[in-house]
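Asks: Take a look at this one; I'll ask things after.
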Amino acid sequence: MELTVKQDLVNAKSKHYLFKSKMRAYLDGSKDVPEEVLADFNACVLGKWINEVGKVKYGEYAEVQALDATHQRIHQKANEIIALKKAGDENAANAKMEDIDQIGSEIIDCIETLEAKFE
């Protein structure tokens with residue numbers, strides 16, 4: 001696999017893991033996580049990667065379209081969690097983290113399936 005492709009896809013995965021850690025920190029009460037980064041799929045680092053690298057370099061692959069759609073779904077779920085937290089329903093907000101984990105696994109699968117095409 002070409003090193004730059006490998007680096008691009010490792011970066012994409014790390015950006016997703018960063019999102020998940022920010023989501024957890026937000027739920028745990030951190031004031032250092034801007035809601036916009038959690039709520040807006042274009043504002044987070046993976047969204048920027050998808051738009052600036054993924055679609056530009058690998059846009060012809062179905063996995064990139066799947067990644068984009070799945071990424072948007074995780075932010076829809078993040079918006080639900082933000083709304084629940086703001087409404088004071090911490091238990092429901094925390095329970096929805098399971099959905100974040102499930103969709104997150106789909107995101108990693110999209111990236112790894114794309115990665116396999118270059119091996």
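Going by the structure tokens order, chains are called A, B, ..., each with residues numbered from 1, while ligands are numbered from 1 in the order shown.
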Near Trp49 (chain A), within 10 Å and counting only C-alpha atoms, which residues show up once chain neighbours fewer than 6 positions away are dropped, as a count of residues only?

Replies: 8

Asks: Which residues are near Lys22 (chain A)? Cut-off 8 Å, only C-alpha atoms, ignore same chain within fewer than 3 positions. Put them as a VMD selection string.

Replies: chain A and resid 18 to 19 25 to 26 33 38

Asks: Go through A:Asp40, A:Glu106, A:Glu52, A:Asp68 one by one, measure the shortest atom-to-atom distance of each to Ile82 (chain A) using only C-alpha atoms, and give the residue with the smallest value.

Replies: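 Checking each of A:Asp40, A:Glu106, A:Glu52, A:Asp68 against Ile82 (chain A), counting only C-alpha atoms, the winner is A:Asp40.
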
Asks: Need the shell around Ile50 (chain A): protein/DNA/RNA residues with any atom at most 10 Å away, counting only C-alpha atoms. Skip same-chain ones fewer than 2 positions apart. Format as a compact mmCIF listing (two decimals) with C-alpha atoms, in the first residue's frame?

Replies:
```txt
# COMPACT_ATOMS: atom_id res chain seq x y z
CA ALA A 12 -9.31 9.31 9.10
CA PHE A 41 -20.74 16.87 10.46
CA ASN A 42 -18.85 19.47 8.41
CA VAL A 45 -12.16 16.94 11.94
CA LEU A 46 -13.41 13.78 10.21
CA GLY A 47 -15.98 15.82 8.27
CA LYS A 48 -13.22 18.13 7.12
CA GLU A 52 -10.91 17.88 1.79
CA VAL A 53 -9.14 14.51 1.39
CA GLY A 54 -11.61 11.64 1.14
CA LYS A 55 -13.83 13.00 -1.61
CA VAL A 56 -10.94 14.67 -3.43
CA LYS A 57 -8.53 11.71 -3.51
CA TYR A 58 -10.83 8.69 -3.14
CA GLY A 59 -14.26 9.99 -4.14
CA VAL A 64 -16.19 7.11 0.61
CA GLN A 65 -19.86 7.75 -0.15
CA LEU A 67 -18.37 6.84 4.95
CA ASP A 68 -19.90 10.25 4.28
CA HIS A 71 -20.59 10.02 9.30
```

Asks: Could you pull out the residues in chain A that DSSP calls alpha helix (DSSP H) from the backbone, as a ChimeraX atom specification?

Replies: /A:3-27,35-39,45-49,55-58,62-86,90-95,97-116

Asks: Could you work out how far CA of Ala39 (chain A) lies from CA of Ala62 (chain A), giving the answer in Å with one decimal?

Replies: 24.8 Å

Asks: Considering only C-alpha atoms, return as a list in words whatever protein or nucleic-acid residues lie within 10 Å of region 87-97 of chain A, sequence-local ones (same chain, fewer than 6 positions apart) excluded.

Replies: Lys20, Met23, Arg24, Leu27, Asp28, Lys77, Ala78, Glu80, Ile81 and Ile103 of chain A

Asks: From the set A:Lys117, A:Ala83, A:Ile74, A:Val37, which residue has the shortest atom-to-atom contact distance to Asp99 (chain A), counting only C-alpha atoms?

Replies: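 Ranked by minimum distance to Asp99 (chain A), first place goes to A:Ile74.
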
Asks: Give the answer as one residue: which of A:Tyr17, A:Glu115, A:Leu84, A:Thr4 has the shortest atom-to-atom distance to Tyr61 (chain A), using only C-alpha atoms?

Replies: A:Glu115

Asks: Nearest to Ser105 (chain A): which of A:Thr70, A:Val5, A:Ser30, A:Ser21 is it, counting only C-alpha atoms?

Replies: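 Going through A:Thr70, A:Val5, A:Ser30, A:Ser21 one by one, the smallest distance to Ser105 (chain A) is for A:Thr70.
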
Asks: Just give me the gap between CA of Ile108 (chain A) and CA of Ala66 (chain A) in Å, one decimal is fine.

Replies: 11.1 Å

Asks: Between A:Cys44, A:Lys86, A:Lys13, A:Gln76, single out the one closest to Ile111 (chain A), counting only C-alpha atoms.

Replies: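 Counting only C-alpha atoms, the residue closest to Ile111 (chain A) is A:Lys13.
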
Asks: Between CA of Glu119 (chain A) and CA of Gln7 (chain A), what is the spacing in Å?

Replies: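 Separation between CA of Gln7 (chain A) and CA of Glu119 (chain A): 13.1 Å.
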